[in-house]
Structure formats: structure tokens, C-alpha cells
Amino acid sequence: MRSHRFALLLIAPSVMSWAQIAPPPNYDQKLNDIVVNATRSGTPLDEMSLNTTILTKEALESSPDQTIDQVLKNVPGVFLNDVPYYQKDPTGQSINVRGLGYGRTLVLMDGLPANDAFYGTVQWNLVPMSSIESVEFVRGGVSSLYGNYGMGGVININTKTPKNSSQEVSASYGSFGTGNVAASKDLVVSDAMQMRFSADYFSSEGFQNYATISPGSPSNIKNGMGTDTVKNSNVRLQNYFKPSQDTTGFLRMGYSTMADLSTNYAIAPNFVQSADVAGGTTTRLDVDKKFQVNVYYQQTEFYKQSGSTATSGVNANKPYINANYTDPYSTVGASAQYTHDLNAAGIDQYLIGVDARNISASNLTNNLNSNGSGAVTSVNYAEGQQNFYGLLGQLKSNSSAIPFETTLGARVDAWTSQTPTLYNAGANGANPIYQAIPNKSKTQLSPSLGLLYKASSDWDFRGAAYQAFHAPSMNNTLRSYGSTSGGYFFANPNLTPETMTGYELGTDYRWRGGFAQLTAFNNYIQNAITSYNLSTAADQSLANSLCASAGNPTGCALGKVNYYTNQQNLLSRGLELQYHHDINPHWGVDGGYSYTNTILTWSATSDPINTQVGGVPKNMANAGLTYYPVPQASLTTTVRYVGNSWMATGSLPVPAYAVVGLKANYQVTPQAAVFASVVNLLNRQYVTFNIASQASAYQAGMPQAITVGARINF
């Protein structure tokens with residue numbers, strides 16, 4: 001059993017129903033009912049060789065946190081700090097698993113890629129809590145199944161599907177003017193046609209997350225800075241149909257918008273709008289054979305501005321826009337898969353599949369004068385595309401002589417990158433300097449081996465070894481940005497994919513009222529992509545060349561120029577522990593702990609090696625205690641502990657901290673429920689862990705936030 005609050009909230013029917021309080025369920029009887037769709041082969045939870053967590057709808061509803069990223073941050077192995085997604089820049093809403101770094105974990109929505117095509121980040125606003133049915137989190141290299149982004153694992157967010165012709169409305173409101181309203185309508189026309197329409201709106205006045213306490217200072221707050229307000233909305237239509245007895249299909253369409261002030265300057269808004277469509281069919285060719293086809297498309301328009309406060313001139317101490325960006329991009333993809341449950345010749349199942357994906361994007365950056373005049377001092381423009389083609393196969397075998405299961409997989413990926421246009425220009429786009437960028441390509445083999453030994457019906461041992469890869473994001477290859485005062489970050493269209501090898505060993509023990517799980521892992525990334533700060537005399541020539549091409553020869557002081565490279569190797573090793581126990585029908589406890597040691601073993605940059613990298617606390621833990629006074633009510637308290645860490649590797653220390661949360665649910669009637677939650681119950685002031693290179697970037701953790709709300713089905 002592998003889960004955070006899984007057993008307690010998924011399979012204890014007395015928790016959320018009107019039934020009489022009963023003894024805790026038998027976990028072994030329930031394991032075979034749980035199927036992990038993120039494996040592409042529908043693997044039962046008790047047959048997973050990789051460390052796997054299932055978060056159910058009930059688990060999400062019992063969490064004090066109100067956004068999916070903040071719920072996931074409590075799962076062992078996940079590194080998300082205590083600032084909700086809507087307080088962060090859209091380019092920084094990502095997820096870090098096992099200390100491998102941001103943008104190296106695949107996120108799916110109903111089995112289809114959800115990582116942002118340009119930035120590789122995750123726009124969490126696309127998946128409001130009210131729409132989520134469950135979340136599957138499989139740690140470890142999954143590139144043998146999915147290819148790109150499969151280093152840290154895969155998170156598959158399953159959204160709600162039509163169950164009957166009913167309606168649901170939910171609403172909440174809380175501190176900092178944070179409110180959310182969501183509505184959905186299910187329409188079951190027949191067994192052959194079902195539809196679900198959902199819409200939601202979220203807004204918040206936000207809180208000031210620039211730290212004003214040690215080791216930050218009030219001087220970090222500049223004139224013109226304020227709270228991070230945000231507004232986002234989603235509309236989604238899901239259609240499920242059954243054209244024949246053996247074929248089922250789906251068609252999903254969605255549109256979303258998000259506007260925020262995540263740079264803390266009211267004059268510098270960001271605006272993102274996305275439209276997507278996806279469809280597919282599954283055909284049962286025989287009782288043991290099926291064929292699946294999926295296609296998807298997404299178009300995104302991203303308009304971004306960044307703000308600053310002038311330090312000199314007639315506009316000194318006044319806020320101004322220092323840059324604006326226009327990023328239109330799209331992704332289109334398709335996949336096909338054949339699965340055969342053979343159950344013969346020592347092979348239980350095999351699957352073969354192919355998939356393809358194209359990402360096309362461009363970036364226009366206008367850097368503006370630091371005196372606040374609005375004059376364009378330099379222009380960067382680039383456009384390009386990346387193509388991914390993959391061929392995969394997987395075999396599963398279950399020994400009849402001993403309780404031993406083997407899963408062998410392999411995938412070949414062909415990656416290409418073309419950048420036909422990239423230029424840097426001076427003021428107002430004058431005198432553009434074009435760069436001739438040769439096409440890049442790489443063929444990557446990603447094998448995997450999973451082993452599972454069932455020592456008894458309650459105890460199993462598992463192990464896995466894998467290779468994975470991650471292509472550079474187009475944010476790193478196309479988007480240059482910066483200013484003469486704050487420094488420059490130059491895109492590098494010559495970047496190539498990273499490669500990871502890794503393995504993990506684990507064990508699971510279950511008893512009637514709970515489970516315990518322990519996993520050890522070792523992952524090594526070669527050619528890791530990093531931002532290289534040009535700071536030595538040997539870097540001067542490159543710094544001069546980059547700044548001159550951008551029309552800013554005076555902005556080339558060493559230390560102010562950054563360039564993306566593949567010049568690092570990263571090693572991450574650690575332990576993950578999860579625990580749950582239903583003490584009796586009235587009390588349940590949960591616990592989780594992770595130890596993560598992540599270092600650079602080689603670097604051509606100024607980052608030190610053999611030192612814990614920035615943004616990865618070595619020790620993190622969480623605990624939860626739930627009380628059920630009656631079957632219709634629950635009260636949960638949680639504690640999250642984050643140990644000491646660095647913001648930059650070996651410098652800018654972040655002290656350890658602990659935060660308490662509280663959540664209460666009450667089922668008023670079978671159709672109506674009310675809830676209340678408190679994040680940071682004791683209103684502790686603290687600095688949360690983060691990745692940054694300067695003290696002014698320390699972030700304050702979320703202050704006390706109280707939320708009340710209700711859900712109604714009718």
C-alpha cells in the first residue's frame with residue numbers, strides 16, 4: 001500500500017458516509033481494487049515496483065491546503081515550498097521530485113501531457129481541486145513509458161467523470177480575499193453518451209511574500225511593490241461515448257485564463273490564456289487485447305511584464321516596467337498503443353506503443369530603459385520547434401513457482417530541435433544580429449526493470465532500475481531576458497537533453513488497520529542544464545559577445561551575465577517513508593519523512609561540488625491526526641516540518657521551520673457538506689525554502705489563512 005492519507009480516506013466507508021462506525025477495513029482485500037492508470041497498462045497498486053502514492057478525492061477534501069500544489073508538497077519526495085502557485089510567477093510554477101530539479105517530472109491530466117510546452121512548468125490553475133477525482137504519483141524514472149520529463153516520475157491527475165445527471169456547486173472564501181466558486185453539470189444521456197460541463201473561478205488579493213524578517217529585511221520591499229493578486233478561470237467540456245460494444249471514446253475541450261501580479265508590481269501584470277482539445281478511443285479487439293489511440297492539441301498565449309524600482313535619474317525610487325515578453329506557443333501530439341494480456345509462455349502481458357509530439361514557439365523580449373522612460377534599449381527574438389518521436393515496449397511476467405513479478409520495458413526516443421530565427425538587436429530593434437543555429441538531434445534509449453517479491457500476503461519487497469532523459473525547455477533555448485541593473489540571462493539554442501540513470505529499493509508491510517513503506521533511491525543526471533554565471537576572467541570574451549549581440553556593450557560586467565549550459569552532473573540519493581494506522585474507528589494517524597542528499601559531482605560553473613544544492617532541504621517530515629466523532633464529521637490536524645537548507649548551493653541559509661494546519665468537514669445531509677480550514681494555525685512568521693542567488697529573493701511562507709466553504713450535490 002502506497003499513499004498519503006490513502007487508506008484512511010479512500011477505503012474507510014465510515015468516514016464520509018451515513019453507515020454505522022465499523023472496524024477498519026482489511027487493506028489486502030482492497031489493494032486489487034486500485035489500478036494505477038499512469039503505468040499505461042492498468043497495474044494494480046499492489047503490483048507496483050516503483051514507489052507510488054494515490055491521493056483520493058476524500059484525501060484532497062480533508063487537506064487544510066486549498067490548491068493541488070500545496071497538497072502535493074506534503075507527499076514524501078516532493079519539493080514545493082510553502083507559497084501557493086498563485087503567489088508565484090507562471091514561469092516558476094513547477095515541481096521538484098527527489099531533489100532532481102524543477103521541470104524534470106512529467107505531469108498528466110487524464111493521461112495526457114500537462115507540462116507547459118514552453119517553460120516545462122505546471123500551470124496548477126488548470127486543475128482546480130473541485131474537478132479532481134484522484135491523483136496518482138509514481139516516483140522514479142518513467143521515460144521507458146513516457147520519454148521526456150520522465151526523470152522524477154509521473155503525476156497523473158484524474159478529473160471527475162459523469163456519474164449521473166446531477167449538478168454540483170462548491171464555494172469557499174477566506175483570508176486575503178481568497179475565493180473560489182465552481183459548478184458542474186453531469187448529463188448521462190445513455191450508456192453510449194455521457195457529458196460533463198464544469199467551470200470555476202478563483203481570485204485572491206494575495207499576501208506579500210518578499211521576506212521582511214531575518215535573513216531578509218524590510219529593504220527588500222521597494223516602492224511600487226505590493227501583494228500578489230491573481231484571477232483565473234476554467235471552462236471544460238468532457239464527452240464520453242460508446243459507438244459500439246467494443247469501443248469507447250472521449251472528447252475533451254477546455255479554455256482557461258490567468259492574470260496575476262507575481263512580480264509584486266501592480267504595474268507589471270502577467271496574462272496567460274490557453275485553449276486545448278483532446279480525443280481518443282479504446283477498442284477491445286478480443287477478451288485479452290485492446291488498442292488505444294489519443295490525439296491532443298493546445299494553444300497558449302503568454303504576455304508577461306516584469307517590474308523594478310529605478311535607483312537613479314529623475315525617476316529614482318519610482319516603479320517602472322523593465323521588460324515585456326510575448327510568448328505564443330502550441331503543442332500537438334498523438335499516441336497509439338496495443339496491449340495483450342497473454343498469460344502464456346511465462347509472459348502475462350505485453351504492450352507496444354508509438355507516440356509523437358511537436359512543440360512550436362516564439363519569444364519576443366523588449367528590454368526597457370532603467371530610468372523608467374519606457375524606451376526600448378534592446379530586443380531579443382527567437383522562434384523554433386522541437387519534435388519528439390517514441391517507440392516503446394513492455395513485458396510483464398509473474399512466476400508460478402514463486403511469488404515473483406518482473407516488468408521489463410524499453411523505449412527509443414528521437415528528439416530534434418530547430419531554431420530557424422534568433423536575433424538580438426539594439427534600441428527599438430535596430431541593427432539586428434542574426435545567429436545561424438544548426439539543427440540539434442539526439443536518439444535516446446530508456447530501458448527499465450522492475451522487480452516485486454511477495455514475501456507474504458502482507459509483506460513485499462520491490463526494486464527498480466531505469467534510465468531517463470529530459471530535453472531542454474524552449475524557455476532555455478529561445479528566451480533571453482534581463483536588464484543592465486539586474487543582469488542578463490541569455491538563451492542557448494545549442495542545449496542538448498540530459499540523461500539520468502537510477503535505481504530504487506523498497507518494502508511495504510500491511511496489516512488490517514494500516515501500512516508502512518520504506519524506499520531508498522539513487523539517481524544520477526549527466527549533462528544537467530544549468531544557468532552559468534559568467535564571473536571569471538576566462539568568461540569575459542563570451543560575456544562581451546553575448547551582451548554586444550544584445551546591443552548592450554556596457555552591461556557586460558562579469559557576474560551580471562548568465563548563460564545556460566549542459567555543464568553539470570547531479571547526484572541525488574535518499575530515503576522516503578510513509579505510514580498510516582487506523583487506531584480505531586474514531587482515530588487515524590499518518591506520517592511521512594524524506595531524507596534527500598543532492599549534490600553536484602562535477603560542474604564547469606562556479607557552483608561548488610559535493611555540497612547540498614540550493615532549494616533542496618535534506619530533511620522533511622509531515623504528520624497528521626484525524627478524529628471522527630461521528631461518521632458524518634472529521635477533524636484533521638497536520639504538522640509539516642522542513643529542515644535547514646540553502647537557497648544557493650552552499651550559501652544563503654534557510655532556517656528549519658514547522659507549520660500546523662487544521663481542517664474540519666461535516667456532512668450536513670447526503671447532498672450537502674460544509675468545511676473550514678486553517679493554514680499556518682499558529683500564524684508563524686518564517687522564511688520558506690527556495691532557489692535564489694541573492695538575499696533579496698528570500699520568500700516568506702504563507703501566513704495564517706482561514707477558509708470556509710460548502711459543497712452541494714443535487
# chains A, B, ... in the order shown; residues from 1 in each chain; ligands from 1
>>> residues_around(residues="segment 594-607 of chain A", least_positions_apart="3", cutoff="10 Å", atoms="only C-alpha atoms", output="VMD selection string")
chain A and resid 75 to 78 98 to 101 518 to 528 530 to 536 565 to 578 610 to 614 616 to 622 642 to 643 648 to 650
>>> select_by_dssp(residues="segment 424-542 of chain A", states="strand (DSSP E or B)", output="PyMOL selection string")
chain A and resi 424-425+433-434+440-454+459-470+481-483+487-490+498-511+514-526+530-534
>>> residues_around(residues="Ala334 of chain A", least_positions_apart="2", cutoff="7 Å", atoms="only C-alpha atoms", output="list in words")
Asn294, Val295, Tyr296, Asp355, Ala356 and Arg357 of chain A
>>> closest_residue(among="A:Gly709, A:Gly482, A:Phe515, A:Ser446", to="Ser144 of chain A", atoms="only C-alpha atoms")
A:Ser446
>>> residues_around(residues="Asn428 of chain A", least_positions_apart="2", cutoff="7 Å", atoms="only C-alpha atoms", output="list in words")
Val376, Thr377, Ser378, Val379, Gly426 and Ala430 of chain A
>>> atom_distance(atom1="atom CA of Asn363 of chain A", atom2="atom CA of Pro420 of chain A")
12.8 Å
>>> residues_around(residues="Tyr265 of chain A", least_positions_apart="5", cutoff="9 Å", atoms="only C-alpha atoms", output="list in words")
Asn223, Gly224, Met225, Gly226, Thr227, Asp228, Ser306, Gly307, Ser308, Pro319, Tyr320 and Ile321 of chain A
>>> closest_atom_pairs(of="segment 369-475 of chain A", to="segment 153-159 of chain A", cutoff="12 Å", atoms="only C-alpha atoms", output="CSV")
residue,atom,partner,partner_atom,distance
A:Tyr466,CA,A:Gly153,CA,11.1
A:Gln467,CA,A:Gly153,CA,11.6
A:Ala468,CA,A:Gly153,CA,9.7
A:Phe469,CA,A:Gly153,CA,11.3
A:His470,CA,A:Gly153,CA,11.6
>>> write_last_selection(atoms="N, CA and C atoms", output="PDB file, in the first residue's frame")
ATOM      1  N   TYR A 466      16.462   2.074 -13.918  1.00  0.00           N
ATOM      2  CA  TYR A 466      15.917   2.760 -15.080  1.00  0.00           C
ATOM      3  C   TYR A 466      16.899   3.787 -15.621  1.00  0.00           C
ATOM      4  N   GLN A 467      16.645   4.182 -16.855  1.00  0.00           N
ATOM      5  CA  GLN A 467      17.343   5.306 -17.469  1.00  0.00           C
ATOM      6  C   GLN A 467      16.292   6.253 -18.003  1.00  0.00           C
ATOM      7  N   ALA A 468      16.556   7.553 -17.933  1.00  0.00           N
ATOM      8  CA  ALA A 468      15.556   8.544 -18.329  1.00  0.00           C
ATOM      9  C   ALA A 468      16.248   9.735 -18.966  1.00  0.00           C
ATOM     10  N   PHE A 469      15.466  10.562 -19.670  1.00  0.00           N
ATOM     11  CA  PHE A 469      16.060  11.746 -20.283  1.00  0.00           C
ATOM     12  C   PHE A 469      15.097  12.923 -20.203  1.00  0.00           C
ATOM     13  N   HIS A 470      15.661  14.114 -20.364  1.00  0.00           N
ATOM     14  CA  HIS A 470      14.891  15.353 -20.292  1.00  0.00           C
ATOM     15  C   HIS A 470      15.469  16.342 -21.285  1.00  0.00           C
TER      16      HIS A 470
END
>>> closest_residue(among="A:Val230, A:Leu261, A:Gln418, A:Gln292", to="Gly249 of chain A", atoms="only C-alpha atoms")
A:Gln292
>>> closest_residue(among="A:Ile437, A:Ile712, A:Ala266, A:Leu505", to="Pro670 of chain A", atoms="only C-alpha atoms")
A:Ile712
